[in-house]
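Taking it in order: structure first as C-alpha coordinates, then the write-up.
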Amino acid sequence: MVEAVRRGQSQQQVARDFGVSPATVNRWVRHAHGQRLDRVDWSDRASIPHTTQRADATLEDLVLEVRSRLRSESDLGFFGAEAILAALQARGVEPLPAERTVYRILRRRGVLDGRHRARRPPPPAGWYLPEVARRRRELDSVDVVEGLVIKGGPQVEVLNAIALHGGLVASWPGGESVTAKFVVECLVEHWRQFGLPGYAQFDNDTIFQGTHAHPDAVGRVSRLCLGLGGPGVRPAARAGLPGGHREL
(Lines give C-alpha, C1' and ligand atoms only; values in the text may rest on other atoms or scores of the structure.)
Protein backbone atom coordinates (compact mmCIF):
# COMPACT_ATOMS: atom_id res chain seq x y z
CA MET A 1 0.00 0.00 0.00
CA VAL A 2 2.72 2.47 0.96
CA GLU A 3 4.65 1.68 -2.22
CA ALA A 4 1.54 2.37 -4.32
CA VAL A 5 1.03 5.74 -2.59
CA ARG A 6 4.67 6.66 -3.16
CA ARG A 7 4.26 5.83 -6.86
CA GLY A 8 1.65 8.57 -7.05
CA GLN A 9 -1.68 6.84 -6.46
CA SER A 10 -4.13 8.56 -4.14
CA GLN A 11 -4.76 7.03 -0.72
CA GLN A 12 -8.44 6.69 -1.59
CA GLN A 13 -7.61 4.66 -4.70
CA VAL A 14 -5.14 2.46 -2.83
CA ALA A 15 -7.72 1.82 -0.12
CA ARG A 16 -10.21 0.67 -2.76
CA ASP A 17 -7.65 -1.54 -4.50
CA PHE A 18 -6.61 -3.28 -1.25
CA GLY A 19 -10.09 -3.46 0.26
CA VAL A 20 -9.19 -1.49 3.37
CA SER A 21 -10.26 1.84 4.82
CA PRO A 22 -8.47 5.08 3.86
CA ALA A 23 -7.55 5.45 7.54
CA THR A 24 -5.60 2.18 7.35
CA VAL A 25 -3.66 3.36 4.31
CA ASN A 26 -2.94 6.70 5.96
CA ARG A 27 -1.74 4.97 9.14
CA TRP A 28 0.86 2.90 7.27
CA VAL A 29 1.95 5.82 5.08
CA ARG A 30 2.64 7.81 8.24
CA HIS A 31 4.28 4.77 9.85
CA ALA A 32 6.75 4.51 6.94
CA HIS A 33 7.31 8.26 6.51
CA GLY A 34 10.91 9.16 5.75
CA GLN A 35 12.07 5.52 5.59
CA ARG A 36 12.96 3.11 2.84
CA LEU A 37 10.34 0.38 2.69
CA ASP A 38 12.89 -2.39 3.25
CA ARG A 39 13.89 -0.74 6.55
CA VAL A 40 10.42 -0.15 7.98
CA ASP A 41 9.37 -2.25 10.97
CA TRP A 42 6.18 -3.92 9.79
CA SER A 43 5.96 -6.32 12.74
CA ASP A 44 2.72 -4.87 14.08
CA ARG A 45 0.99 -4.38 10.75
CA ALA A 46 -2.57 -5.53 10.46
CA SER A 47 -3.28 -8.42 8.16
CA ILE A 48 -4.58 -7.43 4.75
CA PRO A 49 -7.12 -9.73 3.14
CA HIS A 50 -5.84 -11.10 -0.18
CA THR A 51 -9.34 -12.01 -1.30
CA THR A 52 -12.69 -10.35 -0.95
CA GLN A 53 -15.91 -12.15 -0.26
CA ARG A 54 -18.13 -12.05 -3.31
CA ALA A 55 -21.77 -11.16 -2.84
CA ASP A 56 -24.20 -13.98 -3.66
CA ALA A 57 -26.19 -13.96 -6.90
CA THR A 58 -29.46 -13.06 -5.16
CA LEU A 59 -28.01 -9.86 -3.73
CA GLU A 60 -26.41 -8.98 -7.05
CA ASP A 61 -29.72 -9.41 -8.89
CA LEU A 62 -31.45 -7.28 -6.26
CA VAL A 63 -28.87 -4.51 -6.66
CA LEU A 64 -29.39 -4.50 -10.43
CA GLU A 65 -33.15 -4.47 -10.01
CA VAL A 66 -33.02 -1.50 -7.64
CA ARG A 67 -30.62 0.33 -9.96
CA SER A 68 -32.93 -0.19 -12.92
CA ARG A 69 -35.94 1.08 -10.94
CA LEU A 70 -34.07 4.13 -9.66
CA ARG A 71 -32.79 4.96 -13.12
CA SER A 72 -36.32 5.14 -14.49
CA GLU A 73 -38.17 6.52 -11.45
CA SER A 74 -35.78 8.59 -9.33
CA ASP A 75 -36.91 12.21 -9.14
CA LEU A 76 -33.33 13.38 -8.74
CA GLY A 77 -31.88 10.99 -11.28
CA PHE A 78 -29.60 9.25 -8.75
CA PHE A 79 -28.99 5.55 -9.33
CA GLY A 80 -25.41 5.05 -8.19
CA ALA A 81 -24.07 2.91 -5.35
CA GLU A 82 -25.02 5.40 -2.63
CA ALA A 83 -28.62 5.74 -3.90
CA ILE A 84 -28.95 1.97 -4.30
CA LEU A 85 -27.74 1.41 -0.76
CA ALA A 86 -30.30 3.89 0.59
CA ALA A 87 -33.06 2.12 -1.34
CA LEU A 88 -31.97 -1.27 0.01
CA GLN A 89 -31.98 0.15 3.53
CA ALA A 90 -35.50 1.53 3.01
CA ARG A 91 -36.60 -1.93 1.93
CA GLY A 92 -35.24 -3.39 5.15
CA VAL A 93 -32.67 -5.61 3.45
CA GLU A 94 -30.54 -7.45 6.02
CA PRO A 95 -27.65 -7.77 6.21
CA LEU A 96 -27.13 -4.49 4.43
CA PRO A 97 -24.09 -4.61 2.09
CA ALA A 98 -21.40 -1.96 2.22
CA GLU A 99 -21.46 0.79 -0.37
CA ARG A 100 -18.18 -0.54 -1.73
CA THR A 101 -19.80 -3.96 -2.21
CA VAL A 102 -22.64 -2.40 -4.20
CA TYR A 103 -20.09 -0.58 -6.36
CA ARG A 104 -18.18 -3.81 -7.01
CA ILE A 105 -21.41 -5.53 -8.07
CA LEU A 106 -22.15 -2.75 -10.55
CA ARG A 107 -18.64 -2.91 -11.92
CA ARG A 108 -18.64 -6.72 -12.16
CA ARG A 109 -21.98 -6.71 -14.00
CA GLY A 110 -20.73 -4.04 -16.40
CA VAL A 111 -23.41 -1.44 -15.71
CA LEU A 112 -21.24 1.49 -14.65
CA ASP A 113 -21.78 4.48 -16.90
CA GLY A 114 -18.55 6.32 -16.15
CA ARG A 115 -15.10 5.43 -17.39
CA HIS A 116 -12.13 5.05 -15.10
CA ARG A 117 -9.15 7.23 -15.80
CA ALA A 118 -5.94 5.27 -16.01
CA ARG A 119 -3.58 6.48 -13.31
CA ARG A 120 0.04 5.95 -14.23
CA PRO A 121 3.06 6.92 -12.14
CA PRO A 122 4.76 10.10 -13.35
CA PRO A 123 8.17 9.85 -15.04
CA PRO A 124 11.20 10.45 -12.82
CA ALA A 125 12.29 14.03 -12.27
CA GLY A 126 14.52 15.15 -15.11
CA TRP A 127 13.39 12.25 -17.32
CA TYR A 128 14.54 14.07 -20.46
CA LEU A 129 18.19 13.90 -19.33
CA PRO A 130 19.30 10.33 -18.48
CA GLU A 131 22.05 11.43 -16.09
CA VAL A 132 19.64 13.67 -14.18
CA ALA A 133 16.89 11.05 -14.13
CA ARG A 134 19.34 8.55 -12.61
CA ARG A 135 20.40 11.18 -10.02
CA ARG A 136 23.96 11.13 -11.29
CA ARG A 137 23.78 14.83 -12.14
CA GLU A 138 22.01 17.75 -10.50
CA LEU A 139 19.97 20.30 -12.40
CA ASP A 140 19.38 23.90 -11.34
CA SER A 141 16.13 25.32 -12.71
CA VAL A 142 16.19 29.11 -12.99
CA ASP A 143 13.28 31.44 -13.72
CA VAL A 144 11.94 34.92 -13.05
CA VAL A 145 8.70 35.70 -11.21
CA GLU A 146 7.18 38.81 -12.71
CA GLY A 147 4.33 41.11 -11.80
CA LEU A 148 4.79 41.16 -8.02
CA VAL A 149 3.51 44.41 -6.56
CA ILE A 150 4.27 45.77 -3.11
CA LYS A 151 1.34 47.73 -1.70
CA GLY A 152 2.06 51.38 -2.13
CA GLY A 153 5.30 50.59 -3.94
CA PRO A 154 6.63 49.62 -7.36
CA GLN A 155 6.32 46.35 -9.26
CA VAL A 156 9.01 43.83 -8.32
CA GLU A 157 10.61 40.95 -10.19
CA VAL A 158 12.41 38.09 -8.41
CA LEU A 159 14.97 35.66 -9.81
CA ASN A 160 14.57 32.15 -8.38
CA ALA A 161 16.72 29.00 -8.62
CA ILE A 162 16.02 25.51 -7.29
CA ALA A 163 18.02 22.29 -7.47
CA LEU A 164 15.87 19.49 -8.88
CA HIS A 165 17.07 16.72 -6.57
CA GLY A 166 18.77 18.49 -3.69
CA GLY A 167 16.03 21.05 -3.14
CA LEU A 168 18.57 23.86 -2.73
CA VAL A 169 16.69 27.12 -3.35
CA ALA A 170 17.69 30.73 -3.78
CA SER A 171 15.82 33.96 -4.55
CA TRP A 172 17.13 37.37 -5.54
CA PRO A 173 14.77 40.38 -5.69
CA GLY A 174 15.74 42.30 -8.80
CA GLY A 175 13.86 45.54 -8.36
CA GLU A 176 11.49 46.59 -11.11
CA SER A 177 13.26 44.53 -13.75
CA VAL A 178 15.61 41.52 -13.78
CA THR A 179 18.36 41.91 -16.35
CA ALA A 180 20.77 39.41 -17.89
CA LYS A 181 23.66 41.13 -16.07
CA PHE A 182 21.82 40.68 -12.76
CA VAL A 183 21.18 36.98 -13.52
CA VAL A 184 24.86 36.37 -14.28
CA GLU A 185 25.96 38.05 -11.05
CA CYS A 186 23.50 36.04 -8.97
CA LEU A 187 24.36 32.70 -10.58
CA VAL A 188 28.10 33.25 -10.25
CA GLU A 189 27.64 34.03 -6.54
CA HIS A 190 25.33 31.06 -6.05
CA TRP A 191 27.50 28.51 -7.86
CA ARG A 192 30.69 29.82 -6.29
CA GLN A 193 29.16 29.16 -2.86
CA PHE A 194 27.42 25.82 -3.51
CA GLY A 195 29.20 24.37 -6.53
CA LEU A 196 28.19 23.84 -10.13
CA PRO A 197 25.28 21.60 -11.09
CA GLY A 198 25.49 19.21 -14.02
CA TYR A 199 22.89 21.23 -15.91
CA ALA A 200 21.20 24.61 -15.68
CA GLN A 201 17.68 24.98 -17.07
CA PHE A 202 16.08 28.23 -18.23
CA ASP A 203 12.94 29.20 -20.11
CA ASN A 204 12.93 30.98 -23.47
CA ASP A 205 12.95 34.50 -22.02
CA THR A 206 15.35 36.84 -23.80
CA ILE A 207 16.92 37.56 -20.39
CA PHE A 208 18.42 34.06 -20.55
CA GLN A 209 18.70 33.39 -24.29
CA GLY A 210 19.54 36.76 -25.66
CA THR A 211 17.67 38.69 -28.33
CA HIS A 212 15.44 36.71 -30.68
CA ALA A 213 16.15 39.21 -33.46
CA HIS A 214 19.54 37.55 -34.03
CA PRO A 215 19.04 33.76 -33.67
CA ASP A 216 22.75 33.06 -34.03
CA ALA A 217 23.68 35.38 -31.15
CA VAL A 218 24.44 33.87 -27.73
CA GLY A 219 23.12 35.79 -24.73
CA ARG A 220 25.09 36.78 -21.66
CA VAL A 221 23.62 34.00 -19.46
CA SER A 222 24.26 31.37 -22.11
CA ARG A 223 27.84 32.53 -22.50
CA LEU A 224 28.32 32.22 -18.75
CA CYS A 225 27.15 28.62 -18.74
CA LEU A 226 29.16 27.69 -21.83
CA GLY A 227 32.21 29.38 -20.40
CA LEU A 228 32.06 27.36 -17.18
CA GLY A 229 32.13 24.11 -19.20
CA GLY A 230 34.11 21.14 -17.89
CA PRO A 231 32.44 18.80 -15.43
CA GLY A 232 30.10 21.54 -14.29
CA VAL A 233 27.49 23.28 -16.40
CA ARG A 234 27.86 22.20 -20.00
CA PRO A 235 25.91 22.35 -23.25
CA ALA A 236 23.11 19.84 -23.64
CA ALA A 237 22.12 18.76 -27.13
CA ARG A 238 18.41 19.28 -26.44
CA ALA A 239 16.26 22.35 -26.90
CA GLY A 240 12.55 23.01 -26.81
CA LEU A 241 12.02 20.94 -23.66
CA PRO A 242 8.61 20.76 -21.92
CA GLY A 243 7.46 24.19 -20.83
CA GLY A 244 9.63 25.91 -23.43
CA HIS A 245 12.78 25.34 -21.35
CA ARG A 246 16.29 25.08 -22.66
CA GLU A 247 19.24 23.52 -20.93
CA LEU A 248 22.83 24.54 -21.10
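Here's how to read the names in the C-alpha coordinates: chain A, B, ... by the order shown, residue numbers from 1 in each chain, ligand numbers from 1 in the order shown.
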
Nearby residues (only C-alpha atoms) at most 12 Å from A:Ala4, same-chain spacing under 3 positions excluded, as a PyMOL selection string: chain A and resi 1+7-18+25+28-29+37+119-121

With only C-alpha atoms counted and 12 Å as the cut-off, give the residues of stretch 110-219 of chain A in contact with stretch 63-70 of chain A, each with its shortest interatomic distance in Å and the pair that gives it, as JSON lines.
{"residue": "A:Gly110", "atom": "CA", "partner": "A:Leu64", "partner_atom": "CA", "distance": 10.5}
{"residue": "A:Val111", "atom": "CA", "partner": "A:Leu64", "partner_atom": "CA", "distance": 8.5}
{"residue": "A:Leu112", "atom": "CA", "partner": "A:Arg67", "partner_atom": "CA", "distance": 10.6}
{"residue": "A:Asp113", "atom": "CA", "partner": "A:Arg67", "partner_atom": "CA", "distance": 12.0}

Option closest in space to A:Phe79, from A:Arg6, A:Phe194, A:Val102, A:Gly92 [counting only C-alpha atoms]: A:Val102

Expected answer as a list in words: strand (DSSP E or B) residues in stretch 127-207 of chain A: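 Output for stretch 127-207 of chain A, strand (DSSP E or B) only: Leu139, Asp140, Ser141, Val142, Asp143, Val144, Val145, Glu146, Gly147, Leu148, Val149, Gln155, Val156, Glu157, Val158, Leu159, Asn160, Ala161, Ile162, Ala163, Val169, Ala170, Ser171, Trp172, Pro173, Tyr199, Ala200, Gln201 and Phe202 of chain A.
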
Could those selected residues go to a file with N, CA and C atoms, as a PDB file, in the first residue's frame?
ATOM      1  N   LEU A 139      20.447  19.298 -11.457  1.00  0.00           N
ATOM      2  CA  LEU A 139      19.965  20.299 -12.400  1.00  0.00           C
ATOM      3  C   LEU A 139      19.424  21.480 -11.617  1.00  0.00           C
ATOM      4  N   ASP A 140      19.912  22.661 -11.925  1.00  0.00           N
ATOM      5  CA  ASP A 140      19.381  23.896 -11.344  1.00  0.00           C
ATOM      6  C   ASP A 140      18.394  24.511 -12.324  1.00  0.00           C
ATOM      7  N   SER A 141      17.158  24.695 -11.880  1.00  0.00           N
ATOM      8  CA  SER A 141      16.131  25.319 -12.706  1.00  0.00           C
ATOM      9  C   SER A 141      16.012  26.787 -12.286  1.00  0.00           C
ATOM     10  N   VAL A 142      16.131  27.669 -13.263  1.00  0.00           N
ATOM     11  CA  VAL A 142      16.189  29.110 -12.987  1.00  0.00           C
ATOM     12  C   VAL A 142      15.062  29.816 -13.750  1.00  0.00           C
ATOM     13  N   ASP A 143      14.360  30.699 -13.069  1.00  0.00           N
ATOM     14  CA  ASP A 143      13.278  31.436 -13.717  1.00  0.00           C
ATOM     15  C   ASP A 143      13.046  32.746 -12.977  1.00  0.00           C
ATOM     16  N   VAL A 144      12.260  33.612 -13.615  1.00  0.00           N
ATOM     17  CA  VAL A 144      11.943  34.920 -13.049  1.00  0.00           C
ATOM     18  C   VAL A 144      10.446  34.990 -12.756  1.00  0.00           C
ATOM     19  N   VAL A 145      10.097  35.434 -11.554  1.00  0.00           N
ATOM     20  CA  VAL A 145       8.701  35.698 -11.212  1.00  0.00           C
ATOM     21  C   VAL A 145       8.446  37.173 -11.464  1.00  0.00           C
ATOM     22  N   GLU A 146       7.464  37.448 -12.325  1.00  0.00           N
ATOM     23  CA  GLU A 146       7.177  38.812 -12.708  1.00  0.00           C
ATOM     24  C   GLU A 146       5.838  39.269 -12.130  1.00  0.00           C
ATOM     25  N   GLY A 147       5.623  40.551 -12.155  1.00  0.00           N
ATOM     26  CA  GLY A 147       4.326  41.113 -11.802  1.00  0.00           C
ATOM     27  C   GLY A 147       4.021  41.140 -10.319  1.00  0.00           C
ATOM     28  N   LEU A 148       5.026  41.025  -9.460  1.00  0.00           N
ATOM     29  CA  LEU A 148       4.788  41.161  -8.025  1.00  0.00           C
ATOM     30  C   LEU A 148       4.696  42.652  -7.679  1.00  0.00           C
ATOM     31  N   VAL A 149       3.715  43.002  -6.893  1.00  0.00           N
ATOM     32  CA  VAL A 149       3.510  44.413  -6.555  1.00  0.00           C
ATOM     33  C   VAL A 149       3.456  44.568  -5.044  1.00  0.00           C
ATOM     34  N   GLN A 155       6.356  47.755  -8.862  1.00  0.00           N
ATOM     35  CA  GLN A 155       6.323  46.345  -9.258  1.00  0.00           C
ATOM     36  C   GLN A 155       7.711  45.748  -9.047  1.00  0.00           C
ATOM     37  N   VAL A 156       7.744  44.484  -8.644  1.00  0.00           N
ATOM     38  CA  VAL A 156       9.012  43.833  -8.319  1.00  0.00           C
ATOM     39  C   VAL A 156       9.126  42.523  -9.099  1.00  0.00           C
ATOM     40  N   GLU A 157      10.310  42.234  -9.571  1.00  0.00           N
ATOM     41  CA  GLU A 157      10.606  40.948 -10.192  1.00  0.00           C
ATOM     42  C   GLU A 157      11.650  40.221  -9.345  1.00  0.00           C
ATOM     43  N   VAL A 158      11.518  38.885  -9.258  1.00  0.00           N
ATOM     44  CA  VAL A 158      12.409  38.087  -8.415  1.00  0.00           C
ATOM     45  C   VAL A 158      12.992  36.946  -9.238  1.00  0.00           C
ATOM     46  N   LEU A 159      14.292  36.779  -9.167  1.00  0.00           N
ATOM     47  CA  LEU A 159      14.971  35.663  -9.806  1.00  0.00           C
ATOM     48  C   LEU A 159      15.039  34.500  -8.820  1.00  0.00           C
ATOM     49  N   ASN A 160      14.584  33.324  -9.246  1.00  0.00           N
ATOM     50  CA  ASN A 160      14.571  32.147  -8.381  1.00  0.00           C
ATOM     51  C   ASN A 160      15.374  31.014  -9.012  1.00  0.00           C
ATOM     52  N   ALA A 161      16.002  30.201  -8.162  1.00  0.00           N
ATOM     53  CA  ALA A 161      16.716  29.004  -8.616  1.00  0.00           C
ATOM     54  C   ALA A 161      16.437  27.881  -7.626  1.00  0.00           C
ATOM     55  N   ILE A 162      16.245  26.668  -8.159  1.00  0.00           N
ATOM     56  CA  ILE A 162      16.018  25.511  -7.292  1.00  0.00           C
ATOM     57  C   ILE A 162      16.705  24.293  -7.897  1.00  0.00           C
ATOM     58  N   ALA A 163      17.379  23.529  -7.040  1.00  0.00           N
ATOM     59  CA  ALA A 163      18.022  22.294  -7.468  1.00  0.00           C
ATOM     60  C   ALA A 163      16.973  21.192  -7.528  1.00  0.00           C
ATOM     61  N   VAL A 169      17.427  26.015  -2.732  1.00  0.00           N
ATOM     62  CA  VAL A 169      16.695  27.119  -3.353  1.00  0.00           C
ATOM     63  C   VAL A 169      17.396  28.444  -3.068  1.00  0.00           C
ATOM     64  N   ALA A 170      17.146  29.384  -3.963  1.00  0.00           N
ATOM     65  CA  ALA A 170      17.693  30.730  -3.784  1.00  0.00           C
ATOM     66  C   ALA A 170      16.769  31.716  -4.488  1.00  0.00           C
ATOM     67  N   SER A 171      16.637  32.904  -3.943  1.00  0.00           N
ATOM     68  CA  SER A 171      15.817  33.956  -4.548  1.00  0.00           C
ATOM     69  C   SER A 171      16.552  35.281  -4.436  1.00  0.00           C
ATOM     70  N   TRP A 172      16.487  36.065  -5.515  1.00  0.00           N
ATOM     71  CA  TRP A 172      17.131  37.365  -5.537  1.00  0.00           C
ATOM     72  C   TRP A 172      16.140  38.412  -6.053  1.00  0.00           C
ATOM     73  N   PRO A 173      15.625  39.288  -5.196  1.00  0.00           N
ATOM     74  CA  PRO A 173      14.774  40.379  -5.686  1.00  0.00           C
ATOM     75  C   PRO A 173      15.575  41.266  -6.626  1.00  0.00           C
ATOM     76  N   TYR A 199      23.643  20.500 -14.897  1.00  0.00           N
ATOM     77  CA  TYR A 199      22.892  21.226 -15.914  1.00  0.00           C
ATOM     78  C   TYR A 199      22.212  22.434 -15.272  1.00  0.00           C
ATOM     79  N   ALA A 200      21.989  23.457 -16.097  1.00  0.00           N
ATOM     80  CA  ALA A 200      21.195  24.606 -15.682  1.00  0.00           C
ATOM     81  C   ALA A 200      20.063  24.760 -16.692  1.00  0.00           C
ATOM     82  N   GLN A 201      18.862  24.945 -16.207  1.00  0.00           N
ATOM     83  CA  GLN A 201      17.684  24.982 -17.068  1.00  0.00           C
ATOM     84  C   GLN A 201      17.011  26.349 -16.978  1.00  0.00           C
ATOM     85  N   PHE A 202      16.712  26.922 -18.152  1.00  0.00           N
ATOM     86  CA  PHE A 202      16.083  28.233 -18.230  1.00  0.00           C
ATOM     87  C   PHE A 202      14.901  28.164 -19.192  1.00  0.00           C
TER      88      PHE A 202
END

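Between atom CA of A:Gly198 and atom CA of A:Arg135 the separation is 10.3 Å.
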
Length of the atom CA of A:Gly229 to atom CA of A:Gln209 vector [Å]: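 Computing it gives 17.1 Å between the two atoms.
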